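File shown: data-v8.cif. Contents: mmCIF, C-alpha atoms.
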data_query
#
loop_
_atom_site.label_atom_id
_atom_site.label_comp_id
_atom_site.auth_asym_id
_atom_site.auth_seq_id
_atom_site.Cartn_x
_atom_site.Cartn_y
_atom_site.Cartn_z
CA MET A 1 0.00 0.00 0.00
CA THR A 2 2.92 2.35 0.73
CA GLY A 3 4.07 2.10 -2.88
CA ASN A 4 0.57 2.92 -4.15
CA ASN A 5 0.30 5.93 -1.84
CA GLN A 6 3.70 7.15 -3.08
CA LYS A 7 2.41 6.89 -6.68
CA ASP A 8 -0.64 8.99 -5.77
CA GLN A 9 1.56 11.62 -4.10
CA ASN A 10 3.95 11.76 -7.04
CA MET A 11 1.03 12.18 -9.44
CA THR A 12 -0.34 15.06 -7.33
CA LYS A 13 2.99 16.85 -6.97
CA LYS A 14 4.10 16.55 -10.57
CA SER A 15 1.90 18.26 -13.13
CA VAL A 16 1.97 16.18 -16.30
CA ALA A 17 0.54 17.59 -19.55
CA LEU A 18 -2.60 15.78 -20.68
CA VAL A 19 -1.41 15.82 -24.33
CA ALA A 20 2.17 16.13 -25.53
CA SER A 21 2.68 19.46 -27.36
CA GLN A 22 3.59 17.84 -30.70
CA TYR A 23 0.34 15.83 -30.69
CA ARG A 24 -2.21 18.56 -29.96
CA VAL A 25 -3.54 18.91 -33.52
CA PRO A 26 -3.97 15.12 -34.01
CA PHE A 27 -5.70 14.99 -30.61
CA VAL A 28 -8.21 17.69 -31.61
CA LEU A 29 -8.96 15.96 -34.92
CA LEU A 30 -9.42 12.57 -33.29
CA THR A 31 -11.64 14.01 -30.58
CA SER A 32 -14.15 15.02 -33.28
CA LEU A 33 -14.52 11.33 -34.15
CA PHE A 34 -15.71 10.53 -30.63
CA PHE A 35 -18.66 12.88 -31.14
CA LEU A 36 -19.60 11.13 -34.39
CA TRP A 37 -19.71 7.61 -33.03
CA GLY A 38 -21.44 8.77 -29.85
CA PHE A 39 -24.20 10.13 -32.08
CA ALA A 40 -24.41 6.84 -34.00
CA HIS A 41 -24.77 4.80 -30.80
CA ALA A 42 -27.29 7.00 -29.02
CA ILE A 43 -29.70 7.38 -31.94
CA LEU A 44 -30.33 3.62 -31.67
CA ASP A 45 -32.06 4.11 -28.33
CA VAL A 46 -34.77 6.20 -30.00
CA LEU A 47 -34.99 3.90 -33.04
CA ASN A 48 -35.67 0.99 -30.67
CA LYS A 49 -38.89 2.53 -29.34
CA HIS A 50 -39.79 4.08 -32.72
CA PHE A 51 -39.81 0.72 -34.53
CA GLN A 52 -41.83 -0.88 -31.72
CA GLU A 53 -44.55 1.68 -32.43
CA LEU A 54 -44.22 1.92 -36.20
CA LEU A 55 -43.87 -1.80 -37.00
CA ALA A 56 -45.79 -3.23 -34.01
CA ILE A 57 -42.92 -5.46 -32.86
CA THR A 58 -41.96 -6.71 -29.38
CA ARG A 59 -39.18 -5.31 -27.22
CA ALA A 60 -37.07 -8.41 -27.82
CA HIS A 61 -37.57 -8.06 -31.59
CA SER A 62 -36.68 -4.36 -31.59
CA ALA A 63 -33.48 -5.21 -29.69
CA LEU A 64 -32.20 -6.61 -32.99
CA ILE A 65 -31.41 -2.97 -33.83
CA GLN A 66 -28.65 -2.91 -31.23
CA ALA A 67 -27.74 -6.57 -31.78
CA THR A 68 -27.15 -6.11 -35.52
CA MET A 69 -25.02 -2.99 -35.20
CA TYR A 70 -22.87 -4.42 -32.43
CA MET A 71 -22.41 -7.65 -34.35
CA GLY A 72 -20.52 -5.46 -36.80
CA TYR A 73 -17.97 -4.90 -34.03
CA PHE A 74 -17.56 -8.62 -33.44
CA VAL A 75 -17.24 -9.50 -37.13
CA MET A 76 -14.86 -6.68 -38.12
CA ALA A 77 -12.72 -6.15 -34.99
CA ILE A 78 -9.94 -8.56 -35.98
CA PRO A 79 -9.89 -7.45 -39.66
CA ALA A 80 -9.79 -3.83 -38.43
CA GLY A 81 -6.80 -4.58 -36.21
CA MET A 82 -4.99 -6.30 -39.10
CA PHE A 83 -5.79 -3.40 -41.44
CA ILE A 84 -4.52 -0.79 -38.96
CA THR A 85 -1.38 -2.81 -38.21
CA ARG A 86 -0.65 -2.98 -41.94
CA TRP A 87 -1.71 0.50 -43.09
CA GLY A 88 -1.62 2.62 -39.93
CA TYR A 89 -4.01 4.64 -37.79
CA ARG A 90 -4.94 7.33 -40.35
CA GLN A 91 -5.99 4.87 -43.06
CA GLY A 92 -8.01 2.97 -40.47
CA VAL A 93 -9.87 6.18 -39.57
CA VAL A 94 -10.58 7.07 -43.22
CA PHE A 95 -11.82 3.58 -44.10
CA GLY A 96 -14.02 3.51 -41.00
CA LEU A 97 -15.56 6.87 -41.89
CA LEU A 98 -16.32 5.68 -45.42
CA LEU A 99 -18.18 2.62 -44.12
CA TYR A 100 -20.01 4.77 -41.55
CA GLY A 101 -21.11 7.24 -44.24
CA ILE A 102 -22.21 4.55 -46.72
CA GLY A 103 -24.18 2.70 -44.04
CA SER A 104 -25.97 5.92 -43.08
CA LEU A 105 -26.96 6.66 -46.69
CA LEU A 106 -28.35 3.12 -47.04
CA PHE A 107 -31.23 4.31 -44.83
CA ILE A 108 -32.60 6.08 -47.91
CA PRO A 109 -33.54 2.85 -49.77
CA GLY A 110 -34.54 1.37 -46.41
CA GLN A 111 -37.08 4.16 -45.92
CA TYR A 112 -38.34 3.75 -49.48
CA MET A 113 -38.92 -0.01 -48.99
CA MET A 114 -39.93 0.42 -45.31
CA SER A 115 -37.98 -2.78 -44.70
CA PHE A 116 -36.84 -3.59 -41.16
CA ASN A 117 -34.23 -5.97 -42.59
CA MET A 118 -32.79 -3.24 -44.81
CA PHE A 119 -32.52 -0.94 -41.80
CA LEU A 120 -30.70 -3.72 -39.94
CA PHE A 121 -28.26 -4.18 -42.82
CA SER A 122 -27.56 -0.43 -42.85
CA LEU A 123 -26.83 -0.51 -39.11
CA PHE A 124 -24.51 -3.50 -39.60
CA VAL A 125 -22.46 -1.53 -42.15
CA ILE A 126 -22.32 1.43 -39.75
CA GLY A 127 -21.14 -0.91 -36.98
CA CYS A 128 -18.37 -2.21 -39.24
CA GLY A 129 -17.25 1.37 -39.85
CA LEU A 130 -17.35 2.29 -36.18
CA VAL A 131 -15.11 -0.61 -35.18
CA PHE A 132 -12.41 0.72 -37.53
CA LEU A 133 -12.75 4.19 -35.99
CA GLU A 134 -12.62 2.96 -32.42
CA THR A 135 -9.86 0.41 -32.99
CA ALA A 136 -7.71 3.22 -34.39
CA ALA A 137 -8.73 6.19 -32.23
CA ASN A 138 -8.86 4.66 -28.73
CA PRO A 139 -5.29 3.31 -28.55
CA TYR A 140 -3.96 6.25 -30.58
CA VAL A 141 -5.28 8.74 -28.01
CA THR A 142 -3.70 6.77 -25.13
CA GLU A 143 -0.29 7.21 -26.83
CA LEU A 144 -0.46 11.01 -27.32
CA GLY A 145 1.22 11.86 -24.03
CA ALA A 146 2.62 10.48 -20.81
CA ARG A 147 1.67 6.93 -19.82
CA GLU A 148 0.35 7.99 -16.41
CA THR A 149 -2.23 10.32 -18.02
CA ALA A 150 -3.42 7.80 -20.64
CA ALA A 151 -6.70 6.97 -18.86
CA SER A 152 -7.40 10.64 -18.13
CA ARG A 153 -6.64 11.61 -21.75
CA LEU A 154 -8.92 8.93 -23.18
CA ASN A 155 -11.70 9.90 -20.76
CA PHE A 156 -11.41 13.53 -21.86
CA ALA A 157 -11.65 12.57 -25.55
CA GLN A 158 -14.52 10.21 -24.80
CA SER A 159 -16.38 13.08 -23.14
CA PHE A 160 -17.19 14.35 -26.63
CA ASN A 161 -18.69 10.94 -27.30
CA GLY A 162 -21.14 11.93 -24.56
CA LEU A 163 -21.90 15.18 -26.37
CA GLY A 164 -22.88 13.19 -29.46
CA CYS A 165 -25.02 10.97 -27.23
CA ILE A 166 -26.94 14.03 -26.01
CA PHE A 167 -27.73 15.40 -29.46
CA ALA A 168 -28.80 12.10 -31.03
CA PRO A 169 -31.91 11.27 -28.95
CA LEU A 170 -32.83 14.96 -28.81
CA LEU A 171 -32.87 15.29 -32.59
CA ALA A 172 -34.28 11.84 -33.34
CA GLY A 173 -36.94 12.07 -30.63
CA LEU A 174 -38.27 15.35 -32.02
CA LEU A 175 -38.28 13.97 -35.58
CA LEU A 176 -39.70 10.51 -34.91
CA PHE A 177 -42.24 10.96 -32.08
CA SER A 178 -45.35 13.13 -32.19
CA GLU A 179 -46.75 15.11 -29.27
CA GLU A 180 -49.42 12.41 -28.84
CA ASP A 181 -46.68 9.78 -28.23
CA GLN A 182 -47.29 7.98 -31.49
CA ALA A 183 -44.58 7.03 -33.97
CA ALA A 184 -44.48 10.07 -36.19
CA SER A 185 -44.64 9.82 -39.94
CA GLY A 186 -41.29 11.63 -40.10
CA ASN A 187 -38.67 10.22 -42.41
CA VAL A 188 -36.39 7.95 -40.37
CA ALA A 189 -33.79 8.28 -43.14
CA LEU A 190 -33.49 12.06 -42.65
CA PRO A 191 -31.18 12.12 -39.59
CA TYR A 192 -29.09 9.31 -41.09
CA THR A 193 -28.78 11.08 -44.44
CA CYS A 194 -27.52 14.24 -42.73
CA MET A 195 -25.17 12.15 -40.62
CA GLY A 196 -23.85 10.31 -43.68
CA VAL A 197 -23.04 13.54 -45.55
CA VAL A 198 -21.20 14.99 -42.53
CA VAL A 199 -19.22 11.78 -41.98
CA LEU A 200 -18.11 11.59 -45.62
CA LEU A 201 -16.92 15.21 -45.44
CA VAL A 202 -14.92 14.37 -42.31
CA ALA A 203 -13.45 11.38 -44.17
CA LEU A 204 -12.27 13.80 -46.88
CA VAL A 205 -10.56 15.97 -44.25
CA PHE A 206 -8.77 13.00 -42.69
CA SER A 207 -7.66 11.77 -46.13
CA ARG A 208 -5.85 15.10 -46.64
CA VAL A 209 -4.17 15.54 -43.24
CA ARG A 210 -1.11 13.75 -41.88
CA LEU A 211 -1.30 12.01 -38.53
CA PRO A 212 2.03 11.00 -36.98
CA GLU A 213 2.29 7.21 -36.76
CA ILE A 214 3.11 6.09 -33.21
CA LYS A 215 5.90 3.53 -32.91
CA HIS A 216 5.26 1.28 -29.94
CA GLU A 217 8.25 0.39 -27.84
CA VAL A 218 8.76 -3.28 -27.11
CA GLU A 219 8.32 -3.77 -23.38
CA LEU A 220 10.84 -5.79 -21.41
CA ASP A 221 8.00 -8.18 -20.60
CA ASP A 222 7.40 -9.18 -24.21
CA GLN A 223 5.45 -12.34 -23.53
CA GLY A 224 2.55 -13.46 -25.68
CA LEU A 225 -0.50 -11.24 -25.49
CA TRP A 226 -2.62 -13.96 -23.88
CA SER A 227 -0.19 -14.38 -21.01
CA HIS A 228 -1.24 -10.97 -19.66
CA ARG A 229 -4.02 -11.92 -17.25
CA LEU A 230 -5.19 -8.37 -16.58
CA PHE A 231 -5.61 -7.87 -20.32
CA ILE A 232 -7.85 -10.96 -20.50
CA PHE A 233 -9.83 -9.82 -17.44
CA GLY A 234 -10.06 -6.33 -18.98
CA LEU A 235 -11.49 -7.83 -22.18
CA ALA A 236 -14.15 -9.64 -20.12
CA ALA A 237 -14.88 -6.45 -18.13
CA LEU A 238 -15.40 -4.41 -21.31
CA PHE A 239 -17.76 -7.07 -22.68
CA ALA A 240 -19.73 -7.01 -19.42
CA TYR A 241 -19.78 -3.20 -19.37
CA GLU A 242 -21.18 -3.07 -22.90
CA ILE A 243 -23.96 -5.45 -21.84
CA SER A 244 -24.86 -3.06 -19.03
CA GLU A 245 -24.54 0.26 -20.83
CA ILE A 246 -26.35 -0.70 -24.02
CA SER A 247 -29.10 -2.58 -22.16
CA ILE A 248 -29.92 0.46 -20.03
CA ASN A 249 -29.78 2.85 -22.98
CA SER A 250 -31.97 0.57 -25.12
CA PHE A 251 -34.82 0.35 -22.62
CA PHE A 252 -34.63 3.69 -20.80
CA ILE A 253 -37.57 5.06 -22.80
CA ASN A 254 -39.57 1.84 -22.32
CA TYR A 255 -38.91 1.90 -18.58
CA VAL A 256 -40.02 5.46 -17.88
CA VAL A 257 -43.03 5.24 -20.23
CA GLU A 258 -44.29 1.97 -18.70
CA GLN A 259 -43.96 3.46 -15.22
CA GLY A 260 -46.43 6.13 -16.39
CA TRP A 261 -44.07 9.03 -15.70
CA MET A 262 -43.98 10.55 -19.21
CA THR A 263 -44.54 10.04 -22.92
CA ALA A 264 -41.95 8.55 -25.28
CA ARG A 265 -41.16 12.00 -26.70
CA GLN A 266 -40.64 13.44 -23.22
CA ALA A 267 -38.57 10.39 -22.28
CA SER A 268 -36.23 10.96 -25.24
CA LEU A 269 -35.65 14.51 -23.97
CA VAL A 270 -34.99 13.26 -20.43
CA LEU A 271 -32.57 10.71 -21.88
CA SER A 272 -30.70 13.55 -23.61
CA PHE A 273 -30.74 16.24 -20.93
CA GLY A 274 -30.81 13.90 -17.94
CA GLY A 275 -29.03 10.59 -18.38
CA LEU A 276 -26.68 11.37 -21.26
CA SER A 277 -25.82 14.84 -19.96
CA LEU A 278 -24.79 13.21 -16.69
CA PHE A 279 -22.82 10.69 -18.72
CA MET A 280 -20.88 13.45 -20.49
CA ALA A 281 -20.36 15.40 -17.28
CA GLY A 282 -19.15 12.20 -15.60
CA ARG A 283 -16.42 11.81 -18.22
CA PHE A 284 -15.22 15.40 -17.93
CA VAL A 285 -15.20 15.27 -14.14
CA GLY A 286 -13.69 11.78 -14.15
CA SER A 287 -10.89 12.93 -16.47
CA TRP A 288 -10.10 15.80 -14.10
CA ILE A 289 -10.14 13.55 -11.02
CA MET A 290 -7.92 10.95 -12.68
CA SER A 291 -5.27 13.59 -13.30
CA ARG A 292 -4.94 13.60 -9.49
CA VAL A 293 -6.08 10.13 -8.42
CA ARG A 294 -5.10 6.74 -9.79
CA ALA A 295 -7.48 5.48 -12.48
CA GLU A 296 -7.83 2.12 -10.69
CA LYS A 297 -9.32 3.78 -7.60
CA MET A 298 -11.71 5.89 -9.64
CA LEU A 299 -12.90 2.81 -11.54
CA PHE A 300 -13.46 0.85 -8.32
CA TRP A 301 -15.66 3.45 -6.65
CA CYS A 302 -17.64 4.15 -9.82
CA ALA A 303 -18.31 0.41 -10.12
CA VAL A 304 -19.56 0.36 -6.53
CA GLY A 305 -21.87 3.25 -7.48
CA THR A 306 -23.36 1.50 -10.53
CA VAL A 307 -23.99 -1.73 -8.62
CA SER A 308 -25.73 0.18 -5.80
CA MET A 309 -27.86 2.29 -8.14
CA THR A 310 -28.96 -0.68 -10.27
CA LEU A 311 -30.09 -2.53 -7.15
CA LEU A 312 -32.33 0.47 -6.34
CA VAL A 313 -33.85 0.29 -9.84
CA ILE A 314 -34.60 -3.43 -9.45
CA ALA A 315 -36.22 -2.70 -6.07
CA ASP A 316 -38.89 -0.65 -7.96
CA LEU A 317 -39.03 2.28 -5.54
CA GLY A 318 -40.85 4.73 -7.78
CA MET A 319 -39.08 8.05 -8.33
CA VAL A 320 -36.15 6.86 -6.21
CA SER A 321 -35.53 4.21 -8.86
CA LEU A 322 -35.68 6.81 -11.65
CA ILE A 323 -33.12 8.99 -9.86
CA ALA A 324 -30.94 5.92 -9.28
CA LEU A 325 -31.16 5.06 -13.00
CA LEU A 326 -30.02 8.56 -13.96
CA CYS A 327 -27.14 8.29 -11.46
CA CYS A 328 -26.01 5.11 -13.23
CA TYR A 329 -25.12 7.28 -16.24
CA ALA A 330 -22.79 9.43 -14.13
CA PHE A 331 -21.09 6.46 -12.43
CA GLU A 332 -20.63 4.39 -15.60
CA ALA A 333 -19.26 7.26 -17.67
CA ILE A 334 -15.57 6.60 -17.07
CA MET A 335 -15.76 2.81 -17.29
CA PHE A 336 -15.11 2.05 -20.97
CA PRO A 337 -12.15 4.39 -21.56
CA THR A 338 -10.63 3.58 -18.17
CA VAL A 339 -10.85 -0.20 -18.55
CA PHE A 340 -9.61 0.16 -22.13
CA ALA A 341 -6.55 2.18 -21.09
CA LEU A 342 -5.76 -0.07 -18.12
CA ALA A 343 -6.09 -3.23 -20.23
CA LEU A 344 -3.55 -1.86 -22.75
CA ARG A 345 -1.06 -0.83 -20.08
CA GLY A 346 2.31 -2.49 -20.51
CA LEU A 347 1.48 -4.33 -23.73
CA GLY A 348 4.04 -2.45 -25.85
CA SER A 349 4.27 -3.93 -29.36
CA HIS A 350 1.08 -5.91 -28.73
CA THR A 351 -0.99 -2.70 -28.43
CA LYS A 352 -2.58 -2.61 -31.91
CA ARG A 353 -3.50 -6.29 -31.84
CA ALA A 354 -4.77 -6.02 -28.28
CA SER A 355 -6.91 -3.01 -29.24
CA SER A 356 -8.61 -5.02 -31.99
CA PHE A 357 -9.53 -7.73 -29.48
CA LEU A 358 -10.81 -5.14 -27.01
CA MET A 359 -12.97 -3.68 -29.77
CA MET A 360 -14.75 -7.02 -30.06
CA SER A 361 -16.23 -6.31 -26.63
CA PRO A 362 -19.09 -4.09 -27.94
CA VAL A 363 -20.73 -7.34 -29.11
CA GLY A 364 -22.00 -7.24 -25.52
CA GLY A 365 -24.31 -4.54 -26.89
CA ALA A 366 -25.85 -7.25 -29.07
CA VAL A 367 -26.29 -9.70 -26.20
CA GLY A 368 -27.49 -7.39 -23.43
CA PRO A 369 -30.63 -5.86 -25.02
CA LEU A 370 -31.80 -9.29 -26.24
CA LEU A 371 -31.50 -10.71 -22.71
CA MET A 372 -33.03 -7.64 -21.10
CA GLY A 373 -35.88 -7.54 -23.63
CA TYR A 374 -36.64 -11.21 -22.98
CA VAL A 375 -36.71 -10.73 -19.18
CA ALA A 376 -38.88 -7.60 -19.58
CA ASP A 377 -41.36 -9.41 -21.85
CA THR A 378 -41.44 -12.47 -19.55
CA PHE A 379 -41.43 -10.82 -16.12
CA SER A 380 -41.23 -7.05 -15.67
CA MET A 381 -39.25 -4.04 -16.83
CA SER A 382 -37.84 -3.43 -13.35
CA LEU A 383 -36.65 -7.01 -12.91
CA SER A 384 -34.93 -6.92 -16.31
CA PHE A 385 -32.32 -4.58 -14.80
CA ILE A 386 -30.71 -7.66 -13.29
CA VAL A 387 -28.96 -7.99 -16.68
CA PRO A 388 -26.98 -4.71 -16.41
CA LEU A 389 -26.44 -5.40 -12.69
CA LEU A 390 -24.48 -8.56 -13.47
CA GLY A 391 -22.35 -6.66 -15.98
CA TYR A 392 -21.46 -3.97 -13.45
CA VAL A 393 -20.49 -6.66 -10.92
CA VAL A 394 -17.88 -7.99 -13.38
CA VAL A 395 -16.44 -4.47 -13.83
CA LEU A 396 -16.26 -4.15 -10.05
CA GLY A 397 -14.32 -7.42 -9.89
CA TYR A 398 -11.87 -6.18 -12.52
CA ALA A 399 -11.33 -2.87 -10.72
CA ARG A 400 -10.57 -4.75 -7.49
CA ALA A 401 -8.12 -7.04 -9.29
CA VAL A 402 -6.22 -4.11 -10.85
CA LEU A 403 -6.08 -2.31 -7.51
CA LYS A 404 -4.58 -5.39 -5.82
CA LYS A 405 -2.08 -5.96 -8.64
CA ARG A 406 -0.87 -2.37 -8.93
#
Output the file's structure in the form of structure tokens.
Amino acid sequence: MTGNNQKDQNMTKKSVALVASQYRVPFVLLTSLFFLWGFAHAILDVLNKHFQELLAITRAHSALIQATMYMGYFVMAIPAGMFITRWGYRQGVVFGLLLYGIGSLLFIPGQYMMSFNMFLFSLFVIGCGLVFLETAANPYVTELGARETAASRLNFAQSFNGLGCIFAPLLAGLLLFSEEDQAASGNVALPYTCMGVVVLLVALVFSRVRLPEIKHEVELDDQGLWSHRLFIFGLAALFAYEISEISINSFFINYVVEQGWMTARQASLVLSFGGLSLFMAGRFVGSWIMSRVRAEKMLFWCAVGTVSMTLLVIADLGMVSLIALLCCYAFEAIMFPTVFALALRGLGSHTKRASSFLMMSPVGGAVGPLLMGYVADTFSMSLSFIVPLLGYVVVLGYARAVLKKR
């Protein structure tokens, strides 16, 4: 414990720049990407409820929206890692943006045919694009400065992911739900078309700029990747976290509407200005705290918070449960970037390959909503929160293991 305390003191005394001066421009450019994929993820939460109303499908069936997109992560994570290892971070970003833009524009024929399967295919293509972006951007950001600020730096960049998450349900909710809480006749392709055009323009920018390629030093401990137990545990923790985060996001609107607190349109606004605003604030605040406190400690206490809050939701305590659900967004905010950065720590030349495996973890977003939708359809919406609870428990276990190890 004395050694850990000394580390905390050294971190407090010594002010370390969040981003190395020569990497500030690449950091700003990459941070814009976090906004774009935050938008792509969060708009799904409104689509979920919208298609339930428009196509008269069950909650479990509508969960295929998340499942299909996150399957793109599972299918393309390893190819993305191989592509980035061969061609570099910048080419990985450009290729990912192209897939993201094309998938968004495929919503136009989907709207014309009004085909749920076509919408699912479009989301799968978007998911394939996003895995290229995240496989490149997440580890790249961790390398743009001192090792001890890697988790803080990634949390700061991921805060703009939260900004995208706020705008997506706000815009989509206003376009797709009427005041009377019916699925509006608005064109579901419209927000995706706008998104696709913007993304393709950003791809053009990245194709014209130069990003310095980071050369990873070979660590003294250059064992095989799978001999690093904390990496393996980190991979499991990210998978579990994705189950929790995406499950809660997917059924937030269902939960508050079925409790009789508000309409679907109002719920989409609460999701934006309540839950996802807290999520973004949690990342900014978490990034600031982790510049002074070890990331492992921050992760541990946030995991304790999510487990406690989810138990209150399952207990079905009325407005107390709603407040607890909103608090989950604040506590979970730092989890993905922090676990990601900690899992990559000390991997040296294995970093790119390890990142591609870590980016398979969002397939948890395909599993979680299906499980939660099934429990909700079979039992109750409140009881279905046992699914995210179990995911948060795994993250808590990982945080404890990292604390004991380091």
Considering all atoms listed in the file, return as JSON, numbers by chain whatever protein or nucleic-acid residues lie within 8 Å of Ser159 in chain A, sequence-local ones (same chain, fewer than 2 positions apart) excluded. {"A": [34, 155, 156, 157, 161, 162, 163, 280, 281, 283, 284]}
Would you mind reading off the distance between CA of Ile102 in chain A and CA of Phe340 in chain A, one decimal, in Å? 28.0 Å
Selection near Val285 in chain A, 12 Å with all atoms listed in the file, sequence-local residues under 4 positions removed, as number ranges by chain: A: 152, 155-156, 158-159, 278-281, 289-293, 298, 330-331, 333-334
Residue with smallest distance to Gly305 in chain A - pool A:Leu170, A:Val393, A:Ile386, A:Met118, counting all atoms listed in the file: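 Counting all atoms listed in the file, the residue closest to Gly305 in chain A is A:Val393.
Nearest residue to Gly38 in chain A, choosing from A:Leu154, A:Tyr255, A:Cys165, A:Arg90 and counting only C-alpha atoms: A:Cys165.
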Point-to-point distance from CA of Thr135 in chain A to CA of Pro362 in chain A, Å rounded to tenths: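 Between CA of Thr135 in chain A and CA of Pro362 in chain A the gap works out to 11.4 Å.
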A:Gly318, A:Gly127, A:Gly92, A:Gly397 ranked by distance to Phe74 in chain A, top pick (using only C-alpha atoms): A:Gly127
Write out as a list in words each polymer residue whose atoms come within 8 Å of Val131 in chain A, counting only C-alpha atoms; drop sequence neighbours fewer than 4 positions from it.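 The residues that qualify are Gly72, Tyr73, Met76, Ala77, Ala80, Gly96, Gly127, Thr135 and Met359 of chain A.
Considering the residues A:Gln259, A:Phe132, A:Ala315, A:Gln111 and counting all atoms listed in the file, Ile78 in chain A has its shortest atom-to-atom contact with A:Phe132.
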Written as a ChimeraX atom specification, what is the full residue list that the PyMOL selection byres ((chain A and resi 57-71) around 7) yields on the file shown? /A:44,48,51-52,55-56,72-75,120,123-124,126-127,362-363,365-367,369-370,373-374
Hits from the PyMOL selection byres ((chain A and resi 202) around 12), listed as a tab-separated table (two decimals) with C-alpha atoms, in the coordinates of the input:
chain	number	residue	atom	x	y	z
A	29	LEU	CA	-8.96	15.96	-34.92
A	30	LEU	CA	-9.42	12.57	-33.29
A	32	SER	CA	-14.15	15.02	-33.28
A	33	LEU	CA	-14.52	11.33	-34.15
A	35	PHE	CA	-18.66	12.88	-31.14
A	36	LEU	CA	-19.60	11.13	-34.39
A	93	VAL	CA	-9.87	6.18	-39.57
A	94	VAL	CA	-10.58	7.07	-43.22
A	95	PHE	CA	-11.82	3.58	-44.10
A	96	GLY	CA	-14.02	3.51	-41.00
A	97	LEU	CA	-15.56	6.87	-41.89
A	98	LEU	CA	-16.32	5.68	-45.42
A	100	TYR	CA	-20.01	4.77	-41.55
A	101	GLY	CA	-21.11	7.24	-44.24
A	195	MET	CA	-25.17	12.15	-40.62
A	196	GLY	CA	-23.85	10.31	-43.68
A	197	VAL	CA	-23.04	13.54	-45.55
A	198	VAL	CA	-21.20	14.99	-42.53
A	199	VAL	CA	-19.22	11.78	-41.98
A	200	LEU	CA	-18.11	11.59	-45.62
A	201	LEU	CA	-16.92	15.21	-45.44
A	203	ALA	CA	-13.45	11.38	-44.17
A	204	LEU	CA	-12.27	13.80	-46.88
A	205	VAL	CA	-10.56	15.97	-44.25
A	206	PHE	CA	-8.77	13.00	-42.69
A	207	SER	CA	-7.66	11.77	-46.13
A	208	ARG	CA	-5.85	15.10	-46.64
A	209	VAL	CA	-4.17	15.54	-43.24
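Here CA of Arg24 in chain A and CA of Gly129 in chain A stand 24.9 Å from one another.
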Around the point (-1.4, 6.5, -20.7) (coordinates from the file), which residues reach within 12 Å if we count only C-alpha atoms? Answer as a PyMOL selection string. chain A and resi 16-20+138-155+290-291+294-295+337-348
Can you translate the PyMOL selection byres ((chain A and resi 399) around 10) into the concrete residues it hits in this file, as a list in words?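 Given this file, the PyMOL selection byres ((chain A and resi 399) around 10) evaluates to Phe233, Gly234, Ala237, Ala295, Glu296, Lys297, Met298, Leu299, Phe300, Trp301, Cys302, Ala303, Val304, Met335, Thr338, Val339, Leu342, Val393, Val394, Val395, Leu396, Gly397, Tyr398, Arg400, Ala401, Val402, Leu403, Lys404 and Lys405 of chain A.
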Just write the chosen residues, C-alpha atoms, as a PDB file, in the frame of the given file.
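Final output, saved to selection.pdb:
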ATOM      1  CA  PHE A 233      -9.830  -9.820 -17.440  1.00  0.00           C
ATOM      2  CA  GLY A 234     -10.060  -6.330 -18.980  1.00  0.00           C
ATOM      3  CA  ALA A 237     -14.880  -6.450 -18.130  1.00  0.00           C
ATOM      4  CA  ALA A 295      -7.480   5.480 -12.480  1.00  0.00           C
ATOM      5  CA  GLU A 296      -7.830   2.120 -10.690  1.00  0.00           C
ATOM      6  CA  LYS A 297      -9.320   3.780  -7.600  1.00  0.00           C
ATOM      7  CA  MET A 298     -11.710   5.890  -9.640  1.00  0.00           C
ATOM      8  CA  LEU A 299     -12.900   2.810 -11.540  1.00  0.00           C
ATOM      9  CA  PHE A 300     -13.460   0.850  -8.320  1.00  0.00           C
ATOM     10  CA  TRP A 301     -15.660   3.450  -6.650  1.00  0.00           C
ATOM     11  CA  CYS A 302     -17.640   4.150  -9.820  1.00  0.00           C
ATOM     12  CA  ALA A 303     -18.310   0.410 -10.120  1.00  0.00           C
ATOM     13  CA  VAL A 304     -19.560   0.360  -6.530  1.00  0.00           C
ATOM     14  CA  MET A 335     -15.760   2.810 -17.290  1.00  0.00           C
ATOM     15  CA  THR A 338     -10.630   3.580 -18.170  1.00  0.00           C
ATOM     16  CA  VAL A 339     -10.850  -0.200 -18.550  1.00  0.00           C
ATOM     17  CA  LEU A 342      -5.760  -0.070 -18.120  1.00  0.00           C
ATOM     18  CA  VAL A 393     -20.490  -6.660 -10.920  1.00  0.00           C
ATOM     19  CA  VAL A 394     -17.880  -7.990 -13.380  1.00  0.00           C
ATOM     20  CA  VAL A 395     -16.440  -4.470 -13.830  1.00  0.00           C
ATOM     21  CA  LEU A 396     -16.260  -4.150 -10.050  1.00  0.00           C
ATOM     22  CA  GLY A 397     -14.320  -7.420  -9.890  1.00  0.00           C
ATOM     23  CA  TYR A 398     -11.870  -6.180 -12.520  1.00  0.00           C
ATOM     24  CA  ARG A 400     -10.570  -4.750  -7.490  1.00  0.00           C
ATOM     25  CA  ALA A 401      -8.120  -7.040  -9.290  1.00  0.00           C
ATOM     26  CA  VAL A 402      -6.220  -4.110 -10.850  1.00  0.00           C
ATOM     27  CA  LEU A 403      -6.080  -2.310  -7.510  1.00  0.00           C
ATOM     28  CA  LYS A 404      -4.580  -5.390  -5.820  1.00  0.00           C
ATOM     29  CA  LYS A 405      -2.080  -5.960  -8.640  1.00  0.00           C
TER      30      LYS A 405
END
May I have the residues within 12 Å of Met381 in chain A as a list in words, using all atoms listed in the file and disregarding those fewer than 5 positions away in the same chain?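 Counting only the stated atoms, we get Arg59, Ser247, Ile248, Ser250, Phe251, Phe252, Ile253, Asn254, Tyr255, Val256, Val257, Glu258, Gln259, Val313, Ile314, Ala315, Asp316, Leu371, Met372, Gly373, Tyr374, Val375, Ala376, Ile386 and Val387 of chain A.
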